[in-house]
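J.: Sharing entry_16.cif here; it has mmCIF, C-alpha atoms and all ligand atoms.
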```cif
data_query
loop_
_atom_site.label_atom_id
_atom_site.label_comp_id
_atom_site.auth_asym_id
_atom_site.auth_seq_id
_atom_site.Cartn_x
_atom_site.Cartn_y
_atom_site.Cartn_z
CA MET D 875 137.36 8.21 -102.11
CA LYS D 876 137.88 8.62 -98.41
CA VAL D 877 139.98 6.54 -96.03
CA THR D 878 140.09 6.78 -92.24
CA VAL D 879 143.01 5.56 -90.17
CA VAL D 880 142.46 5.27 -86.41
CA GLY D 881 145.53 5.31 -84.18
CA ALA D 882 147.13 7.62 -86.74
CA GLY D 883 148.95 9.66 -84.10
CA GLY D 884 151.05 6.53 -83.56
CA ASN D 885 153.70 4.76 -85.58
CA VAL D 886 151.81 2.25 -87.73
CA GLY D 887 148.75 4.45 -88.27
CA SER D 888 150.72 7.48 -89.41
CA THR D 889 152.79 5.29 -91.73
CA VAL D 890 149.66 3.77 -93.28
CA ALA D 891 148.25 7.25 -93.86
CA PHE D 892 151.48 8.50 -95.41
CA ALA D 893 151.86 5.45 -97.65
CA ILE D 894 148.29 5.97 -98.91
CA ALA D 895 148.92 9.68 -99.54
CA GLU D 896 152.14 8.96 -101.42
CA ARG D 897 150.31 6.49 -103.65
CA ASP D 898 147.94 9.36 -104.46
CA PHE D 899 144.77 7.36 -105.21
CA ALA D 900 142.55 8.65 -102.40
CA LYS D 901 140.90 12.05 -102.15
CA GLU D 902 141.26 12.26 -98.39
CA VAL D 903 142.82 10.38 -95.49
CA VAL D 904 141.29 11.20 -92.10
CA MET D 905 143.77 10.54 -89.29
CA VAL D 906 142.07 9.88 -85.94
CA ASP D 907 143.68 9.56 -82.53
CA ILE D 908 142.96 10.62 -78.97
CA GLU D 909 144.30 13.80 -77.41
CA LYS D 910 147.22 13.48 -75.00
CA LYS D 911 147.47 15.50 -71.80
CA GLU D 912 150.85 16.32 -70.25
CA GLY D 913 150.53 18.57 -67.19
CA ASP D 914 148.47 21.55 -68.24
CA LYS D 915 149.22 20.96 -71.92
CA THR D 916 147.10 19.05 -74.43
CA PHE D 917 148.67 17.54 -77.53
CA TYR D 918 147.00 16.27 -80.72
CA PRO D 919 149.38 13.73 -82.30
CA SER D 920 147.11 12.86 -85.25
CA LYS D 921 146.66 16.52 -86.14
CA GLY D 922 150.41 17.14 -85.87
CA ARG D 923 151.37 14.12 -87.96
CA ALA D 924 148.70 14.92 -90.58
CA LEU D 925 149.97 18.49 -90.91
CA ASP D 926 153.61 17.38 -91.12
CA GLN D 927 152.72 14.82 -93.81
CA TRP D 928 150.55 17.27 -95.77
CA GLU D 929 153.49 19.67 -95.82
CA THR D 930 155.46 17.07 -97.84
CA SER D 931 152.84 17.17 -100.64
CA PRO D 932 154.53 19.94 -102.67
CA ILE D 933 157.82 18.01 -102.50
CA SER D 934 156.47 14.49 -103.03
CA GLY D 935 153.79 15.65 -105.46
CA PHE D 936 150.54 14.14 -104.14
CA ASP D 937 147.04 15.61 -103.90
CA THR D 938 145.58 13.38 -101.17
CA ARG D 939 144.40 15.58 -98.30
CA LEU D 940 145.54 14.45 -94.85
CA ASN D 941 143.27 15.65 -92.05
CA GLY D 942 144.08 14.96 -88.41
CA THR D 943 141.22 14.88 -85.91
CA VAL D 944 139.93 13.59 -82.58
CA ASP D 945 136.31 13.78 -83.77
CA TYR D 946 134.65 10.78 -85.47
CA GLU D 947 132.20 13.12 -87.18
CA ASP D 948 135.09 13.88 -89.56
CA THR D 949 135.26 10.21 -90.57
CA LYS D 950 131.71 10.27 -92.00
CA ASP D 951 131.19 8.21 -95.17
CA SER D 952 134.64 6.65 -95.24
CA ASP D 953 135.02 3.96 -97.90
CA VAL D 954 137.70 2.12 -95.95
CA CYS D 955 138.73 2.37 -92.28
CA VAL D 956 142.05 1.06 -90.98
CA ILE D 957 142.29 0.36 -87.25
CA THR D 958 145.78 0.61 -85.77
CA ALA D 959 144.67 1.93 -82.38
CA GLY D 960 146.05 0.03 -79.42
CA ILE D 961 149.27 -0.64 -77.63
CA PRO D 962 152.30 -2.32 -79.23
CA ARG D 963 154.28 -5.03 -77.46
CA ARG D 964 157.58 -4.49 -75.76
CA PRO D 965 160.52 -6.92 -75.48
CA GLY D 966 159.58 -10.10 -73.61
CA MET D 967 155.89 -9.80 -74.51
CA SER D 968 153.88 -11.84 -77.00
CA ARG D 969 151.19 -10.28 -79.18
CA ASP D 970 148.61 -12.16 -77.11
CA ASP D 971 149.66 -10.18 -74.03
CA LEU D 972 147.93 -7.17 -75.66
CA LEU D 973 144.56 -8.95 -75.78
CA GLU D 974 142.72 -7.33 -72.90
CA ILE D 975 143.68 -3.70 -73.50
CA ASN D 976 143.48 -3.82 -77.28
CA SER D 977 140.17 -5.68 -77.47
CA ASN D 978 138.52 -2.88 -75.49
CA ILE D 979 140.10 -0.25 -77.74
CA VAL D 980 139.27 -2.04 -81.00
CA GLU D 981 135.68 -2.66 -79.93
CA SER D 982 135.03 0.97 -78.99
CA VAL D 983 136.79 2.39 -82.05
CA THR D 984 134.84 0.06 -84.38
CA LYS D 985 131.51 1.15 -82.90
CA GLU D 986 132.42 4.83 -83.41
CA LEU D 987 133.47 4.21 -87.01
CA ILE D 988 130.29 2.31 -87.87
CA LYS D 989 128.10 5.07 -86.46
CA HIS D 990 129.47 7.42 -89.11
CA SER D 991 130.24 5.00 -91.96
CA PRO D 992 127.76 2.12 -91.69
CA ASP D 993 128.82 0.63 -95.06
CA THR D 994 132.56 0.90 -94.69
CA ILE D 995 135.20 -1.78 -95.10
CA ILE D 996 137.43 -2.35 -92.07
CA ILE D 997 141.06 -3.41 -92.12
CA VAL D 998 142.37 -4.27 -88.66
CA VAL D 999 146.06 -3.96 -87.82
CA SER D 1000 146.02 -3.92 -83.98
CA ASN D 1001 147.33 -7.05 -82.23
CA PRO D 1002 146.69 -9.83 -81.50
CA LEU D 1003 145.65 -9.50 -85.12
CA ASP D 1004 143.40 -12.47 -85.85
CA VAL D 1005 141.35 -12.03 -82.68
CA MET D 1006 141.18 -8.23 -83.09
CA SER D 1007 139.70 -8.85 -86.56
CA TYR D 1008 137.07 -11.05 -84.92
CA VAL D 1009 136.36 -8.28 -82.38
CA ALA D 1010 135.93 -5.67 -85.13
CA HIS D 1011 133.66 -8.00 -87.09
CA THR D 1012 131.44 -8.67 -84.08
CA ALA D 1013 131.32 -5.01 -83.02
CA SER D 1014 130.62 -3.72 -86.55
CA LYS D 1015 128.04 -6.35 -87.53
CA LEU D 1016 129.32 -5.92 -91.09
CA ASP D 1017 129.31 -8.73 -93.60
CA SER D 1018 132.46 -10.81 -93.09
CA LYS D 1019 133.67 -9.90 -96.60
CA LYS D 1020 134.06 -6.33 -95.35
CA VAL D 1021 136.19 -6.99 -92.29
CA MET D 1022 139.72 -8.34 -92.50
CA GLY D 1023 143.08 -8.19 -90.81
CA MET D 1024 146.45 -7.14 -92.19
CA ALA D 1025 149.29 -9.54 -91.45
CA GLY D 1026 149.88 -11.89 -94.38
CA ILE D 1027 151.24 -9.22 -96.73
CA LEU D 1028 153.68 -8.14 -94.02
CA ASP D 1029 154.76 -11.65 -93.08
CA THR D 1030 155.12 -12.64 -96.74
CA ALA D 1031 157.11 -9.46 -97.40
CA ARG D 1032 159.53 -10.39 -94.63
CA TYR D 1033 159.87 -13.91 -96.05
CA ARG D 1034 160.44 -12.51 -99.56
CA ALA D 1035 162.94 -9.93 -98.31
CA PHE D 1036 164.98 -12.58 -96.47
CA LEU D 1037 164.97 -14.83 -99.54
CA ALA D 1038 166.00 -11.94 -101.79
CA GLN D 1039 168.93 -11.22 -99.49
CA GLU D 1040 170.04 -14.84 -99.35
CA LEU D 1041 169.75 -15.39 -103.13
CA ASP D 1042 170.97 -11.90 -104.07
CA ILE D 1043 167.88 -11.53 -106.27
CA SER D 1044 165.42 -8.67 -106.58
CA PRO D 1045 162.62 -9.01 -103.99
CA LYS D 1046 160.21 -8.07 -106.81
CA ASP D 1047 160.85 -11.43 -108.47
CA ILE D 1048 160.00 -13.49 -105.40
CA GLN D 1049 156.39 -14.63 -105.08
CA ALA D 1050 155.33 -16.44 -101.98
CA LEU D 1051 152.39 -17.64 -99.96
CA LEU D 1052 152.10 -17.72 -96.19
CA MET D 1053 149.01 -18.71 -94.23
CA GLY D 1054 147.76 -19.07 -90.67
CA GLY D 1055 147.64 -16.80 -87.65
CA HIS D 1056 149.83 -13.75 -87.13
CA GLY D 1057 151.97 -15.34 -84.44
CA ASP D 1058 154.91 -17.67 -84.17
CA THR D 1059 152.72 -20.48 -85.56
CA MET D 1060 152.29 -18.78 -88.96
CA VAL D 1061 152.84 -21.07 -91.93
CA PRO D 1062 155.21 -19.93 -94.71
CA LEU D 1063 154.77 -22.30 -97.67
CA PRO D 1064 158.00 -23.07 -99.56
CA ARG D 1065 156.02 -25.28 -101.97
CA TYR D 1066 154.18 -22.12 -103.06
CA THR D 1067 157.28 -19.92 -103.24
CA THR D 1068 158.87 -19.11 -106.59
CA VAL D 1069 161.56 -16.90 -108.08
CA ALA D 1070 160.18 -15.67 -111.41
CA GLY D 1071 158.26 -18.94 -111.68
CA ILE D 1072 161.18 -21.17 -110.59
CA PRO D 1073 160.38 -23.17 -107.43
CA VAL D 1074 162.53 -21.69 -104.67
CA THR D 1075 163.48 -25.20 -103.52
CA GLN D 1076 165.57 -25.52 -106.71
CA LEU D 1077 167.60 -22.42 -105.85
CA ILE D 1078 168.35 -22.71 -102.14
CA GLU D 1079 169.56 -25.47 -99.86
CA LYS D 1080 167.01 -26.95 -97.48
CA ASP D 1081 168.75 -25.89 -94.25
CA LYS D 1082 169.01 -22.28 -95.46
CA LEU D 1083 165.35 -22.26 -96.49
CA ASP D 1084 164.33 -23.76 -93.14
CA ALA D 1085 166.30 -21.02 -91.34
CA ILE D 1086 164.53 -18.32 -93.39
CA VAL D 1087 161.13 -19.86 -92.60
CA GLU D 1088 161.99 -19.78 -88.89
CA ARG D 1089 163.26 -16.19 -89.07
CA THR D 1090 160.04 -15.15 -90.84
CA LYS D 1091 157.87 -16.66 -88.12
CA LYS D 1092 159.69 -14.55 -85.52
CA GLY D 1093 160.07 -11.51 -87.79
CA GLY D 1094 157.94 -9.23 -85.61
CA GLY D 1095 159.86 -10.21 -82.48
CA GLU D 1096 163.20 -9.59 -84.22
CA ILE D 1097 162.23 -5.93 -84.72
CA VAL D 1098 160.86 -5.62 -81.16
CA GLY D 1099 164.21 -6.92 -79.89
CA LEU D 1100 166.07 -4.28 -81.91
CA MET D 1101 163.84 -1.28 -81.20
CA GLY D 1102 162.05 -1.93 -77.91
CA THR D 1103 158.73 -1.50 -79.74
CA SER D 1104 157.26 -3.08 -82.83
CA ALA D 1105 157.66 -2.39 -86.55
CA TRP D 1106 155.81 0.25 -88.56
CA TYR D 1107 157.34 0.83 -92.01
CA ALA D 1108 156.56 -2.58 -93.50
CA PRO D 1109 153.23 -2.92 -91.63
CA GLY D 1110 152.20 0.56 -92.84
CA ALA D 1111 153.12 -0.20 -96.45
CA ALA D 1112 151.27 -3.53 -96.27
CA ALA D 1113 148.03 -2.00 -94.98
CA ALA D 1114 148.20 0.75 -97.62
CA GLN D 1115 148.53 -1.90 -100.33
CA MET D 1116 145.29 -3.51 -99.11
CA VAL D 1117 143.49 -0.16 -99.11
CA GLU D 1118 144.68 0.51 -102.66
CA ALA D 1119 143.56 -2.93 -103.88
CA ILE D 1120 140.07 -2.33 -102.48
CA MET D 1121 139.63 1.25 -103.60
CA LEU D 1122 140.99 0.72 -107.11
CA ASP D 1123 139.20 -2.64 -107.46
CA GLN D 1124 142.47 -4.31 -108.37
CA ASN D 1125 141.46 -7.89 -107.60
CA ARG D 1126 144.89 -8.47 -106.06
CA VAL D 1127 145.56 -11.87 -104.51
CA PHE D 1128 146.94 -11.38 -101.02
CA PRO D 1129 147.04 -13.39 -97.82
CA VAL D 1130 144.79 -11.58 -95.33
CA ALA D 1131 143.10 -12.57 -92.09
CA ALA D 1132 139.62 -13.48 -93.29
CA LYS D 1133 136.67 -15.07 -91.52
CA LEU D 1134 136.62 -18.78 -92.31
CA ASP D 1135 133.34 -20.61 -92.36
CA GLY D 1136 134.36 -24.08 -93.46
CA GLU D 1137 137.25 -23.16 -95.78
CA TYR D 1138 140.30 -25.32 -95.03
CA GLY D 1139 138.06 -27.23 -92.61
CA ILE D 1140 138.08 -24.29 -90.17
CA ASN D 1141 134.99 -22.56 -88.79
CA ASP D 1142 134.16 -19.25 -87.15
CA LEU D 1143 137.74 -17.99 -86.97
CA PHE D 1144 139.74 -15.19 -88.59
CA LEU D 1145 142.92 -16.65 -90.05
CA GLY D 1146 145.41 -15.75 -92.78
CA VAL D 1147 144.42 -17.22 -96.15
CA PRO D 1148 144.82 -16.08 -99.78
CA VAL D 1149 141.92 -13.94 -100.98
CA LYS D 1150 140.92 -11.90 -104.01
CA LEU D 1151 140.72 -8.29 -102.88
CA GLY D 1152 138.83 -5.52 -104.67
CA HIS D 1153 135.70 -3.35 -104.47
CA GLY D 1154 133.49 -4.48 -101.63
CA GLY D 1155 136.36 -6.20 -99.83
CA ILE D 1156 137.05 -9.92 -100.03
CA LYS D 1157 135.60 -11.22 -103.29
CA GLU D 1158 136.77 -14.78 -102.82
CA ILE D 1159 138.69 -16.92 -100.38
CA ILE D 1160 141.06 -19.02 -102.45
CA GLU D 1161 141.46 -22.61 -101.31
CA VAL D 1162 144.83 -23.98 -102.40
CA ASP D 1163 145.79 -27.64 -102.11
CA LEU D 1164 147.71 -28.32 -98.95
CA ASN D 1165 149.58 -31.55 -98.32
CA GLU D 1166 149.19 -33.38 -95.03
CA GLU D 1167 152.08 -31.60 -93.33
CA GLU D 1168 150.95 -28.13 -94.47
CA GLN D 1169 147.36 -28.75 -93.36
CA HIS D 1170 148.67 -29.97 -90.00
CA LEU D 1171 150.68 -26.75 -89.56
CA LEU D 1172 147.63 -24.67 -90.52
CA ASP D 1173 145.46 -26.59 -88.06
CA SER D 1174 148.02 -26.00 -85.28
CA SER D 1175 148.07 -22.31 -86.08
CA ALA D 1176 144.25 -22.19 -86.05
CA LYS D 1177 144.31 -23.93 -82.67
CA ALA D 1178 146.63 -21.26 -81.24
CA VAL D 1179 144.39 -18.45 -82.55
CA ARG D 1180 141.29 -20.20 -81.21
CA SER D 1181 142.80 -20.43 -77.77
CA THR D 1182 143.35 -16.62 -77.75
CA LEU D 1183 139.81 -16.17 -79.06
CA ASP D 1184 138.49 -18.33 -76.22
CA GLU D 1185 140.42 -16.16 -73.78
CA PHE D 1186 138.77 -13.09 -75.31
CA LYS D 1187 135.31 -14.69 -75.00
CA LYS D 1188 136.02 -15.46 -71.36
CA LEU D 1189 137.03 -11.85 -70.75
CA MET D 1190 133.69 -10.80 -72.23
CA GLU D 1191 131.77 -13.20 -69.97
CA ASP D 1192 133.60 -11.91 -66.89
CA LYS D 1193 132.89 -8.26 -67.78
N1 LIG B 1 149.09 -6.64 -87.83
C1 LIG B 1 150.38 -6.40 -87.88
O1 LIG B 1 151.09 -7.00 -88.68
C2 LIG B 1 150.99 -5.38 -86.99
C3 LIG B 1 150.29 -4.92 -85.90
N2 LIG B 1 150.82 -3.96 -85.08
C4 LIG B 1 149.98 -3.50 -83.99
O2 LIG B 1 149.49 -2.21 -84.30
C5 LIG B 1 149.16 -1.52 -83.09
C6 LIG B 1 149.74 -0.10 -83.12
O3 LIG B 1 151.15 -0.15 -83.06
P1 LIG B 1 152.00 1.21 -83.07
O4 LIG B 1 151.46 2.14 -84.09
O5 LIG B 1 153.42 0.83 -83.12
O6 LIG B 1 151.66 1.79 -81.63
P2 LIG B 1 151.66 3.32 -81.19
O7 LIG B 1 151.61 3.34 -79.72
O8 LIG B 1 152.75 4.05 -81.89
O9 LIG B 1 150.28 3.88 -81.78
C7 LIG B 1 149.04 3.44 -81.35
C8 LIG B 1 148.13 4.63 -81.30
O10 LIG B 1 146.82 4.20 -80.95
C9 LIG B 1 146.24 5.28 -80.25
N3 LIG B 1 145.06 4.90 -79.49
C10 LIG B 1 144.97 4.19 -78.33
N4 LIG B 1 143.69 4.10 -77.93
C11 LIG B 1 142.95 4.76 -78.86
C12 LIG B 1 141.56 5.00 -79.00
N5 LIG B 1 140.69 4.55 -78.12
N6 LIG B 1 141.15 5.71 -80.07
C13 LIG B 1 142.03 6.18 -80.98
N7 LIG B 1 143.37 5.96 -80.90
C14 LIG B 1 143.80 5.27 -79.84
C15 LIG B 1 147.36 5.77 -79.33
O11 LIG B 1 147.09 7.08 -78.84
C16 LIG B 1 148.54 5.70 -80.27
O12 LIG B 1 148.79 6.93 -80.92
C17 LIG B 1 149.71 -2.40 -81.96
O13 LIG B 1 148.65 -3.14 -81.40
C18 LIG B 1 150.68 -3.31 -82.67
O14 LIG B 1 150.88 -4.53 -82.01
C19 LIG B 1 152.04 -3.42 -85.31
C20 LIG B 1 152.79 -3.85 -86.39
C21 LIG B 1 152.34 -4.88 -87.28
O1 LIG B 2 155.55 -8.04 -83.61
C1 LIG B 2 154.68 -7.21 -83.25
O2 LIG B 2 154.27 -7.10 -82.10
C2 LIG B 2 154.09 -6.34 -84.29
C3 LIG B 2 153.71 -7.18 -85.43
O3 LIG B 2 152.69 -7.82 -85.43
C4 LIG B 2 154.73 -7.42 -86.45
O4 LIG B 2 155.63 -6.59 -86.65
O5 LIG B 2 154.63 -8.47 -87.09
#
```
Starting from the coordinates I provided, produce the structure as structure tokens.
T.:
Amino acid sequence: MKVTVVGAGGNVGSTVAFAIAERDFAKEVVMVDIEKKEGDKTFYPSKGRALDQWETSPISGFDTRLNGTVDYEDTKDSDVCVITAGIPRRPGMSRDDLLEINSNIVESVTKELIKHSPDTIIIVVSNPLDVMSYVAHTASKLDSKKVMGMAGILDTARYRAFLAQELDISPKDIQALLMGGHGDTMVPLPRYTTVAGIPVTQLIEKDKLDAIVERTKKGGGEIVGLMGTSAWYAPGAAAAQMVEAIMLDQNRVFPVAAKLDGEYGINDLFLGVPVKLGHGGIKEIIEVDLNEEEQHLLDSSAKAVRSTLDEFKKLMEDK
């Protein structure tokens, strides 16, 4: 079983690769990035990070080979490819500000990957996430079940972590659902949030829960404000969990950015929804009952993603 991570000389990509290696289910992780020139020197970040990570294997006890490269030939016959290539935002920017640069990167990277692994499954991480998933789907021409974006596991993990802190309860016992686009319009769903089966609304006051929902929506920005660049540990762990679910055919139920063709009344858009994830990619998009208010929030989130998608389409027309 072979996984490729593109952008793996950077923060999220290298963390995805390392999290996969530490889980020890894959034979090989190929870490692709571009070479970097500084004066008369050339550096190879993906090769350096792969070597550094491989050198932890005797200590951590994993067998997964980590191979850094700048050559897509080395990615041949990958079962799953994770795309983290692109620029991260800086303080004061929104994810949508990355649209123009990252859409070019994601499109070109996807085409290279498909040349060497025409049957692969693609997990997109680059932002703006929902539109970058659309770009990878269009560029790859793969079935929509094989192209998806990672955001929901991360956003739900933030929500669960904040709840665990507030309630002083293990994060493992908090189950939650969050839908919509990976932006400030995302939709955490308290009605579908439980602590070991107990509805969270019975355990926490409404104003505290509302504050946690708001903090979750801006969770990415909170980290950008603290570090000057965006997060990588939780995003890396989240993408690795998706890769594991697919490769081990776990049939896990996760929120991922999936292509909607009528589900939830939304068409031709990648948006975060719960899916069953296993061999072959998305086996099923799960349609949960939403009340009027929840559906309204989801529709607003879809509208925001569609407006970024329209901007991307316009960029393509003007090219
Ligand atoms: N979906 C999500 O929840 C999250 C998404 N992100 C996004 O992930 C992306 C990466 O973030 P970081 O790793 O922090 O950035 P980074 O700058 O540390 O790494 C990005 C890497 O992509 C590489 N790259 C650029 N163009 C490339 C190309 N054409 N081919 C191969 N590699 C190329 C760069 O050389 C760099 O090493 C950003 O767009 C960021 O917004 C970050 C966190 C969470
Ligand atoms: O906030 C960002 O730009 C990166 C990201 O998507 C996240 O951490 O949720």
J.: Select from stretch 1052-1142 of chain D every residue with an atom at most 9 Å from any atom of stretch 891-905 of chain D, then for each give the shortest pair of atoms and their distance in Å to one decimal, using only C-alpha atoms, rows by chain and rising number, as a Markdown table.
T.:
```
| residue | atom | partner | partner_atom | distance |
| --- | --- | --- | --- | --- |
| D:Gly1110 | CA | D:Ala893 | CA | 6.9 |
| D:Ala1111 | CA | D:Ala893 | CA | 5.9 |
| D:Ala1113 | CA | D:Ala893 | CA | 8.8 |
| D:Ala1114 | CA | D:Ile894 | CA | 5.4 |
| D:Gln1115 | CA | D:Ile894 | CA | 8.0 |
| D:Val1117 | CA | D:Ile894 | CA | 7.8 |
| D:Glu1118 | CA | D:Phe899 | CA | 7.3 |
| D:Met1121 | CA | D:Ala900 | CA | 8.0 |
| D:Leu1122 | CA | D:Phe899 | CA | 7.9 |
```
J.: Have a look at D:His1056, D:Lys1082, D:Lys1133, D:Lys1187 and name the one nearest to ligand LIG 2 (chain B); count only C-alpha atoms and all ligand atoms.
T.: D:His1056
J.: Can I get the residues close to ligand LIG 2 (chain B) as a ChimeraX atom specification, where close means within 9 Å and we count all atoms listed in the file?
T.: /D:962-964,967-969,999-1003,1025,1028-1029,1056-1057,1091-1098,1103-1106,1108-1109
J.: Ranking D:Gly1055, D:Pro1148, D:Gly942, D:Gly966 by minimum distance to D:Arg1180 and counting only C-alpha atoms, which one comes first?
T.: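 The answer is D:Gly1055, which sits nearest to D:Arg1180.
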J.: What separation in Å, quoted to one decimal, exists between atom CA of D:Asp1123 and atom CA of D:Ile997?
T.: 15.5 Å
J.: Please identify all polymer residues within 12 Å of D:Thr1075, counting only C-alpha atoms, omitting same-chain residues fewer than 4 positions from it, and present them as JSON, numbers by chain.
T.: {"D": [1037, 1041, 1063, 1064, 1065, 1066, 1067, 1068, 1069, 1071, 1079, 1080, 1081, 1082, 1083, 1084]}
J.: Need the shell around stretch 947-960 of chain D: protein/DNA/RNA residues with any atom at most 7 Å away, counting only C-alpha atoms. Skip same-chain ones fewer than 5 positions apart. Format as a PyMOL selection string?
T.: chain D and resi 875-881+886-887+904+976+979-980+990-991+994-1000+1117
J.: Nearest to ligand LIG 1 (chain B) among D:Asp1004, D:Glu1185, D:Asp1173, D:Glu1168, with distances taken over only C-alpha atoms and all ligand atoms: which residue is it?
T.: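 Closest to ligand LIG 1 (chain B), using only C-alpha atoms and all ligand atoms: D:Asp1004.
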J.: Please provide as a ChimeraX atom specification all residues within 7 Å of D:Met1053, with the sequence filter that same-chain residues fewer than 6 positions apart are discarded (counting all atoms listed in the file).
T.: /D:1026,1060-1062,1129,1146-1147
J.: For C-alpha atoms, I'd like the residues from the last selection saved as a compact mmCIF listing (two decimals), keeping the file's coordinate frame.
T.:
```txt
# COMPACT_ATOMS: atom_id res chain seq x y z
CA GLY D 1026 149.88 -11.89 -94.38
CA MET D 1060 152.29 -18.78 -88.96
CA VAL D 1061 152.84 -21.07 -91.93
CA PRO D 1062 155.21 -19.93 -94.71
CA PRO D 1129 147.04 -13.39 -97.82
CA GLY D 1146 145.41 -15.75 -92.78
CA VAL D 1147 144.42 -17.22 -96.15
```
J.: With all atoms listed in the file as the atoms that count, which of D:Thr1059, D:Gln1124, D:Ser977, D:Thr1182 lies nearest to D:His1170?
T.: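 Looking at the shortest contact to D:His1170, the residue is D:Thr1059.
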J.: Please determine, counting only C-alpha atoms, which residue among D:Val944, D:Leu1164, D:Leu1016, D:Leu972 has the shortest atom-to-atom distance to D:Pro992.
T.: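 Using only C-alpha atoms, D:Pro992 sits closest to D:Leu1016.
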J.: Measure the distance from atom O13 of ligand LIG 1 (chain B) to atom CA of D:Lys910 in Å and round it to one decimal.
T.: 17.9 Å
J.: Mind giving me the straight-line distance from atom CA of D:Gly1099 to atom CA of D:Pro1045 in Å, one decimal?
T.: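 Atom CA of D:Gly1099 sits 24.2 Å away from atom CA of D:Pro1045.
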J.: Considering all atoms listed in the file, can you say which of D:Ala1112, D:Ile1086, D:Lys915, D:Phe936 comes closest to ligand LIG 1 (chain B)?
T.: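 Among the listed residues, D:Ala1112 lies closest to ligand LIG 1 (chain B).
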J.: Emit as AutoDock Vina command-line options the padded axis-aligned box for all listed atoms of stretch 1020-1032 of chain D, 5 Å per side, with centre and edge lengths in Å to one decimal.
T.:
```
--center_x 146.8 --center_y -9.5 --center_z -94.1 --size_x 35.5 --size_y 16.3 --size_z 16.6
```
